[in-house]
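Structure data (PDB, C-alpha atoms and all ligand atoms) from target25.pdb:
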MODEL        1
ATOM      1  CA  MET A 645       0.000   0.000   0.000  1.00  0.00           C
ATOM      2  CA  ASP A 646       1.327   3.429  -0.926  1.00  0.00           C
ATOM      3  CA  TYR A 647      -0.050   5.309   2.070  1.00  0.00           C
ATOM      4  CA  GLU A 648       1.984   8.403   1.188  1.00  0.00           C
ATOM      5  CA  LEU A 649       0.167   8.642  -2.154  1.00  0.00           C
ATOM      6  CA  LEU A 650      -3.177   7.975  -0.449  1.00  0.00           C
ATOM      7  CA  GLY A 651      -2.402  10.760   2.036  1.00  0.00           C
ATOM      8  CA  ARG A 652      -1.863  13.227  -0.800  1.00  0.00           C
ATOM      9  CA  GLN A 653      -5.126  12.079  -2.377  1.00  0.00           C
ATOM     10  CA  VAL A 654      -6.929  12.660   0.932  1.00  0.00           C
ATOM     11  CA  SER A 655      -5.635  16.233   1.063  1.00  0.00           C
ATOM     12  CA  GLU A 656      -6.877  16.804  -2.490  1.00  0.00           C
ATOM     13  CA  LEU A 657     -10.209  15.130  -1.766  1.00  0.00           C
ATOM     14  CA  VAL A 658     -11.069  17.510   1.071  1.00  0.00           C
ATOM     15  CA  ALA A 659      -9.389  20.685  -0.247  1.00  0.00           C
ATOM     16  CA  GLY A 660     -11.638  23.705  -0.522  1.00  0.00           C
ATOM     17  CA  GLU A 661     -14.704  22.205   1.167  1.00  0.00           C
ATOM     18  CA  PRO A 662     -15.525  23.741   4.575  1.00  0.00           C
ATOM     19  CA  SER A 663     -18.154  21.195   5.623  1.00  0.00           C
ATOM     20  CA  HIS A 664     -16.717  18.686   8.064  1.00  0.00           C
ATOM     21  CA  LEU A 665     -19.559  16.238   7.459  1.00  0.00           C
ATOM     22  CA  ALA A 666     -19.148  16.294   3.674  1.00  0.00           C
ATOM     23  CA  ASN A 667     -15.402  15.707   4.001  1.00  0.00           C
ATOM     24  CA  ALA A 668     -15.866  12.990   6.618  1.00  0.00           C
ATOM     25  CA  ALA A 669     -18.346  11.160   4.378  1.00  0.00           C
ATOM     26  CA  ASN A 670     -15.912  11.246   1.454  1.00  0.00           C
ATOM     27  CA  PHE A 671     -12.981  10.226   3.670  1.00  0.00           C
ATOM     28  CA  ALA A 672     -14.857   7.153   4.937  1.00  0.00           C
ATOM     29  CA  ALA A 673     -15.743   6.170   1.358  1.00  0.00           C
ATOM     30  CA  PHE A 674     -12.160   6.748   0.197  1.00  0.00           C
ATOM     31  CA  VAL A 675     -10.657   4.522   2.914  1.00  0.00           C
ATOM     32  CA  PHE A 676     -13.314   1.835   2.433  1.00  0.00           C
ATOM     33  CA  HIS A 677     -12.659   1.590  -1.305  1.00  0.00           C
ATOM     34  CA  GLU A 678      -8.881   2.159  -1.425  1.00  0.00           C
ATOM     35  CA  ILE A 679      -7.721  -0.138   1.384  1.00  0.00           C
ATOM     36  CA  PRO A 680      -8.300  -3.835   0.670  1.00  0.00           C
ATOM     37  CA  ASP A 681      -9.938  -6.289   3.083  1.00  0.00           C
ATOM     38  CA  ILE A 682     -11.918  -3.673   5.024  1.00  0.00           C
ATOM     39  CA  SER A 683     -15.455  -4.424   6.208  1.00  0.00           C
ATOM     40  CA  TRP A 684     -16.334  -1.054   7.769  1.00  0.00           C
ATOM     41  CA  ALA A 685     -14.826   2.443   8.003  1.00  0.00           C
ATOM     42  CA  GLY A 686     -16.341   5.424   9.761  1.00  0.00           C
ATOM     43  CA  PHE A 687     -16.493   8.094  12.413  1.00  0.00           C
ATOM     44  CA  TYR A 688     -17.824   8.423  15.961  1.00  0.00           C
ATOM     45  CA  TYR A 689     -18.142  11.796  17.741  1.00  0.00           C
ATOM     46  CA  PRO A 690     -18.841  12.503  21.428  1.00  0.00           C
ATOM     47  CA  ASP A 691     -22.090  14.102  22.567  1.00  0.00           C
ATOM     48  CA  GLU A 692     -22.621  16.132  25.770  1.00  0.00           C
ATOM     49  CA  SER A 693     -22.637  12.970  27.888  1.00  0.00           C
ATOM     50  CA  GLY A 694     -19.345  11.674  26.448  1.00  0.00           C
ATOM     51  CA  ASP A 695     -21.019   8.798  24.629  1.00  0.00           C
ATOM     52  CA  LEU A 696     -19.641   8.306  21.111  1.00  0.00           C
ATOM     53  CA  VAL A 697     -22.309   8.715  18.448  1.00  0.00           C
ATOM     54  CA  LEU A 698     -22.145   7.312  14.912  1.00  0.00           C
ATOM     55  CA  GLY A 699     -21.041   9.654  12.133  1.00  0.00           C
ATOM     56  CA  PRO A 700     -20.418   9.198   8.392  1.00  0.00           C
ATOM     57  CA  PHE A 701     -19.366   5.647   7.480  1.00  0.00           C
ATOM     58  CA  GLN A 702     -19.230   2.963   4.802  1.00  0.00           C
ATOM     59  CA  GLY A 703     -20.248  -0.633   5.434  1.00  0.00           C
ATOM     60  CA  ASN A 704     -23.127  -2.303   7.208  1.00  0.00           C
ATOM     61  CA  PRO A 705     -25.327  -0.302   9.602  1.00  0.00           C
ATOM     62  CA  ALA A 706     -23.490  -0.021  12.938  1.00  0.00           C
ATOM     63  CA  CYS A 707     -24.109   0.737  16.628  1.00  0.00           C
ATOM     64  CA  THR A 708     -25.405   4.291  16.834  1.00  0.00           C
ATOM     65  CA  ARG A 709     -24.130   5.000  20.351  1.00  0.00           C
ATOM     66  CA  LEU A 710     -21.125   3.657  22.292  1.00  0.00           C
ATOM     67  CA  PRO A 711     -21.276   4.348  26.051  1.00  0.00           C
ATOM     68  CA  LYS A 712     -18.658   6.807  27.331  1.00  0.00           C
ATOM     69  CA  GLY A 713     -15.209   5.273  27.652  1.00  0.00           C
ATOM     70  CA  ARG A 714     -16.338   1.871  26.414  1.00  0.00           C
ATOM     71  CA  GLY A 715     -15.203  -0.307  23.560  1.00  0.00           C
ATOM     72  CA  VAL A 716     -12.144   0.033  21.378  1.00  0.00           C
ATOM     73  CA  CYS A 717     -13.444   3.428  20.248  1.00  0.00           C
ATOM     74  CA  GLY A 718     -13.854   4.692  23.816  1.00  0.00           C
ATOM     75  CA  ALA A 719     -10.310   3.579  24.671  1.00  0.00           C
ATOM     76  CA  ALA A 720      -8.800   5.400  21.683  1.00  0.00           C
ATOM     77  CA  PHE A 721     -10.863   8.513  22.377  1.00  0.00           C
ATOM     78  CA  SER A 722     -10.073   8.764  26.084  1.00  0.00           C
ATOM     79  CA  THR A 723      -6.338   8.024  25.727  1.00  0.00           C
ATOM     80  CA  ARG A 724      -5.958  10.034  22.484  1.00  0.00           C
ATOM     81  CA  GLU A 725      -3.891   7.075  21.196  1.00  0.00           C
ATOM     82  CA  THR A 726      -4.467   4.687  18.316  1.00  0.00           C
ATOM     83  CA  VAL A 727      -5.714   1.257  19.398  1.00  0.00           C
ATOM     84  CA  VAL A 728      -5.101  -1.795  17.200  1.00  0.00           C
ATOM     85  CA  VAL A 729      -6.937  -5.023  18.059  1.00  0.00           C
ATOM     86  CA  ASP A 730      -5.671  -8.091  16.176  1.00  0.00           C
ATOM     87  CA  ASP A 731      -8.480 -10.380  17.391  1.00  0.00           C
ATOM     88  CA  VAL A 732     -11.590  -8.662  18.669  1.00  0.00           C
ATOM     89  CA  SER A 733     -12.802 -11.863  20.372  1.00  0.00           C
ATOM     90  CA  ALA A 734      -9.795 -11.583  22.713  1.00  0.00           C
ATOM     91  CA  TYR A 735     -10.416  -7.907  23.593  1.00  0.00           C
ATOM     92  CA  THR A 736     -12.724  -7.947  26.596  1.00  0.00           C
ATOM     93  CA  ASP A 737     -14.262  -4.505  26.103  1.00  0.00           C
ATOM     94  CA  HIS A 738     -14.881  -4.843  22.384  1.00  0.00           C
ATOM     95  CA  ILE A 739     -18.395  -3.724  21.381  1.00  0.00           C
ATOM     96  CA  VAL A 740     -19.804  -5.960  18.664  1.00  0.00           C
ATOM     97  CA  CYS A 741     -21.507  -4.049  15.861  1.00  0.00           C
ATOM     98  CA  ASP A 742     -20.861  -6.560  13.100  1.00  0.00           C
ATOM     99  CA  VAL A 743     -20.259 -10.212  13.907  1.00  0.00           C
ATOM    100  CA  ALA A 744     -18.080 -10.528  10.800  1.00  0.00           C
ATOM    101  CA  ALA A 745     -15.476  -8.062  12.143  1.00  0.00           C
ATOM    102  CA  ARG A 746     -12.351  -9.841  13.406  1.00  0.00           C
ATOM    103  CA  SER A 747      -9.760  -7.074  13.746  1.00  0.00           C
ATOM    104  CA  GLU A 748      -9.987  -3.338  14.211  1.00  0.00           C
ATOM    105  CA  ILE A 749      -8.024  -0.082  14.355  1.00  0.00           C
ATOM    106  CA  VAL A 750      -9.308   3.121  15.933  1.00  0.00           C
ATOM    107  CA  VAL A 751      -7.455   6.427  15.459  1.00  0.00           C
ATOM    108  CA  PRO A 752      -8.400   9.565  17.433  1.00  0.00           C
ATOM    109  CA  LEU A 753      -9.178  12.782  15.550  1.00  0.00           C
ATOM    110  CA  LEU A 754      -6.788  15.295  17.085  1.00  0.00           C
ATOM    111  CA  VAL A 755      -6.487  19.057  16.903  1.00  0.00           C
ATOM    112  CA  ASP A 756      -3.895  20.631  19.224  1.00  0.00           C
ATOM    113  CA  ASN A 757      -3.874  17.382  21.208  1.00  0.00           C
ATOM    114  CA  PHE A 758      -7.643  17.657  21.808  1.00  0.00           C
ATOM    115  CA  ALA A 759      -9.685  14.657  20.602  1.00  0.00           C
ATOM    116  CA  TYR A 760     -12.984  15.543  18.935  1.00  0.00           C
ATOM    117  CA  GLY A 761     -13.863  12.076  17.635  1.00  0.00           C
ATOM    118  CA  VAL A 762     -12.433   8.820  16.339  1.00  0.00           C
ATOM    119  CA  PHE A 763     -12.043   7.076  13.005  1.00  0.00           C
ATOM    120  CA  ASP A 764     -12.701   3.332  13.206  1.00  0.00           C
ATOM    121  CA  VAL A 765     -11.760   0.687  10.607  1.00  0.00           C
ATOM    122  CA  ASP A 766     -12.823  -2.984  10.826  1.00  0.00           C
ATOM    123  CA  SER A 767     -11.723  -6.032   8.864  1.00  0.00           C
ATOM    124  CA  ALA A 768     -13.144  -9.548   8.559  1.00  0.00           C
ATOM    125  CA  SER A 769      -9.550 -10.864   8.734  1.00  0.00           C
ATOM    126  CA  VAL A 770      -7.680 -11.467  11.989  1.00  0.00           C
ATOM    127  CA  ALA A 771      -4.626  -9.200  12.450  1.00  0.00           C
ATOM    128  CA  ARG A 772      -5.388  -7.201   9.303  1.00  0.00           C
ATOM    129  CA  PHE A 773      -3.660  -4.070  10.591  1.00  0.00           C
ATOM    130  CA  ALA A 774       0.123  -4.511  10.675  1.00  0.00           C
ATOM    131  CA  SER A 775       2.307  -1.691  11.909  1.00  0.00           C
ATOM    132  CA  THR A 776       2.686  -0.368   8.337  1.00  0.00           C
ATOM    133  CA  ASP A 777      -1.118  -0.167   8.126  1.00  0.00           C
ATOM    134  CA  ARG A 778      -1.343   1.453  11.545  1.00  0.00           C
ATOM    135  CA  HIS A 779       1.143   4.148  10.550  1.00  0.00           C
ATOM    136  CA  GLY A 780      -0.437   4.454   7.110  1.00  0.00           C
ATOM    137  CA  ILE A 781      -3.974   4.892   8.439  1.00  0.00           C
ATOM    138  CA  GLU A 782      -2.662   7.353  11.042  1.00  0.00           C
ATOM    139  CA  ARG A 783      -1.089   9.263   8.163  1.00  0.00           C
ATOM    140  CA  LEU A 784      -4.436   9.404   6.351  1.00  0.00           C
ATOM    141  CA  VAL A 785      -6.257  10.587   9.482  1.00  0.00           C
ATOM    142  CA  ARG A 786      -3.555  13.239  10.044  1.00  0.00           C
ATOM    143  CA  ALA A 787      -3.985  14.428   6.442  1.00  0.00           C
ATOM    144  CA  PHE A 788      -7.735  14.598   7.057  1.00  0.00           C
ATOM    145  CA  CYS A 789      -7.471  16.434  10.389  1.00  0.00           C
ATOM    146  CA  SER A 790      -4.922  18.951   9.142  1.00  0.00           C
ATOM    147  CA  SER A 791      -7.079  19.911   6.139  1.00  0.00           C
ATOM    148  CA  VAL A 792     -10.588  19.714   7.558  1.00  0.00           C
ATOM    149  CA  ARG A 793     -12.352  22.040   9.944  1.00  0.00           C
ATOM    150  CA  PRO A 794     -13.089  19.985  13.102  1.00  0.00           C
ATOM    151  CA  LEU A 795     -16.682  19.128  13.832  1.00  0.00           C
ATOM    152  CA  SER A 796     -17.734  21.305  16.725  1.00  0.00           C
ATOM    153  CA  VAL A 797     -18.466  18.912  19.569  1.00  0.00           C
ATOM    154  CA  PRO A 798     -19.659  19.633  23.089  1.00  0.00           C
ATOM    155  CA  GLN A 799     -16.976  19.585  25.775  1.00  0.00           C
ATOM    156  CA  SER A 800     -17.470  16.687  28.135  1.00  0.00           C
ATOM    157  CA  SER A 801     -17.620  17.578  31.813  1.00  0.00           C
TER     158      SER A 801
HETATM  159  N1  LIG A 901     -16.121  -2.302  17.785  1.00  0.00           N
HETATM  160  C1  LIG A 901     -16.205  -0.934  18.184  1.00  0.00           C
HETATM  161  C2  LIG A 901     -17.603  -0.408  18.007  1.00  0.00           C
HETATM  162  C3  LIG A 901     -17.827   0.276  16.702  1.00  0.00           C
HETATM  163  S1  LIG A 901     -18.023  -0.787  15.409  1.00  0.00           S
HETATM  164  O1  LIG A 901     -16.843  -1.652  15.233  1.00  0.00           O
HETATM  165  C4  LIG A 901     -18.379  -0.006  13.978  1.00  0.00           C
HETATM  166  C5  LIG A 901     -15.752  -0.748  19.615  1.00  0.00           C
HETATM  167  O2  LIG A 901     -15.527  -1.732  20.334  1.00  0.00           O
HETATM  168  O3  LIG A 901     -15.607   0.391  20.048  1.00  0.00           O
ENDMDL
END

As structure tokens - that is how I would like this structure written.
Amino acid sequence: MDYELLGRQVSELVAGEPSHLANAANFAAFVFHEIPDISWAGFYYPDESGDLVLGPFQGNPACTRLPKGRGVCGAAFSTRETVVVDDVSAYTDHIVCDVAARSEIVVPLLVDNFAYGVFDVDSASVARFASTDRHGIERLVRAFCSSVRPLSVPQSS
């Protein structure tokens, strides 16, 4: 995978469009179609309570709301660190949205070290996300976050 090329394409894809939601929808579609062996790709954003609520995505319908701090997404959001899970059945706090998903990566959306959401990618293959994929997908999310106006989200208390 040429993640450097994909990163440049992400920057071009979102250039000039101020709507976060429009860019997020295109970003999810781009990742879903460009990266092989992906079953789901999409965003979750916190609401006032700190729950993570479903945003633009590609793939099967998913859980609309993840309780605050829970799941792989909650872990990535609260630590502001990428979480890679090679086998979701071995991750005790994994929240099942799609029984076909076997491995997962969740990357926080960061601006000035503040997390305003997460980008979640699932695969039907175990251990789909090697360290090259982790760094590559982080690169794509960085390209997205540095070019896109953040979605305004409520501050959690
Ligand atoms: N598995 C995630 C929930 C979101 S779905 O995979 C789309 C989690 O444990 O946070």

Residues near region 679-683 of chain A, cut-off 12 Å, all atoms listed in the file, skip fewer than 2 positions along chain, as a PyMOL selection string: chain A and resi 645-647+650+671-677+685-686+701-706+741-749+764-773+777+780-781+784

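Within 9 Å of the point (-14.9, 6.8, 23.9), counting all atoms listed in the file, the protein and nucleic acid residues come to A:Tyr688, A:Tyr689, A:Pro690, A:Gly694, A:Asp695, A:Leu696, A:Leu710, A:Pro711, A:Lys712, A:Gly713, A:Arg714, A:Gly715, A:Val716, A:Cys717, A:Gly718, A:Ala719, A:Ala720, A:Phe721, A:Ser722, A:Thr723, A:Gly761, A:Val762.
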
Give me a file of those residues, with C-alpha atoms, as an mmCIF file, in the frame of the given file.
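Resulting contents of result.cif:
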data_model
loop_
_atom_site.group_PDB
_atom_site.id
_atom_site.type_symbol
_atom_site.label_atom_id
_atom_site.label_comp_id
_atom_site.auth_asym_id
_atom_site.auth_seq_id
_atom_site.Cartn_x
_atom_site.Cartn_y
_atom_site.Cartn_z
ATOM 1 C CA TYR A 688 -17.824 8.423 15.961
ATOM 2 C CA TYR A 689 -18.142 11.796 17.741
ATOM 3 C CA PRO A 690 -18.841 12.503 21.428
ATOM 4 C CA GLY A 694 -19.345 11.674 26.448
ATOM 5 C CA ASP A 695 -21.019 8.798 24.629
ATOM 6 C CA LEU A 696 -19.641 8.306 21.111
ATOM 7 C CA LEU A 710 -21.125 3.657 22.292
ATOM 8 C CA PRO A 711 -21.276 4.348 26.051
ATOM 9 C CA LYS A 712 -18.658 6.807 27.331
ATOM 10 C CA GLY A 713 -15.209 5.273 27.652
ATOM 11 C CA ARG A 714 -16.338 1.871 26.414
ATOM 12 C CA GLY A 715 -15.203 -0.307 23.560
ATOM 13 C CA VAL A 716 -12.144 0.033 21.378
ATOM 14 C CA CYS A 717 -13.444 3.428 20.248
ATOM 15 C CA GLY A 718 -13.854 4.692 23.816
ATOM 16 C CA ALA A 719 -10.310 3.579 24.671
ATOM 17 C CA ALA A 720 -8.800 5.400 21.683
ATOM 18 C CA PHE A 721 -10.863 8.513 22.377
ATOM 19 C CA SER A 722 -10.073 8.764 26.084
ATOM 20 C CA THR A 723 -6.338 8.024 25.727
ATOM 21 C CA GLY A 761 -13.863 12.076 17.635
ATOM 22 C CA VAL A 762 -12.433 8.820 16.339
#

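Excluding region 786-796 of chain A itself and same-chain residues fewer than 2 positions from it, the residues having an atom within 6 Å of it are Gly651, Ser655, His664, Arg783 and Leu784 of chain A, counting only C-alpha atoms.
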
Using all atoms listed in the file: which of A:Ala774, A:Ile739, A:Val750, A:Val785 has the shortest distance to ligand LIG 901 (chain A):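 Among the listed residues, the smallest separation from ligand LIG 901 (chain A) belongs to A:Ile739.
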
Length of the CA of Phe687 (chain A) to CA of Pro700 (chain A) vector [Å]: 5.7 Å

Distance in Å - CA of Ala668 (chain A) versus CA of Tyr760 (chain A): 12.9 Å

Atomic separation - CA of Val732 (chain A) relative to CA of Asn757 (chain A), Å: 27.3 Å

Using all atoms of ligand LIG 901 (chain A) listed in the file and a margin of 8 Å per side, can you give the axis-aligned box centre and edge lengths in Å to one decimal, as lines of an AutoDock Vina configuration file?
center_x = -17.0
center_y = -1.0
center_z = 17.2
size_x = 18.9
size_y = 18.7
size_z = 22.4

Minimum-distance residue to ligand LIG 901 (chain A), chosen among A:Gln653, A:Thr708, A:Ser693, A:Asn670 (using all atoms listed in the file):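 Counting all atoms listed in the file, the residue closest to ligand LIG 901 (chain A) is A:Thr708.
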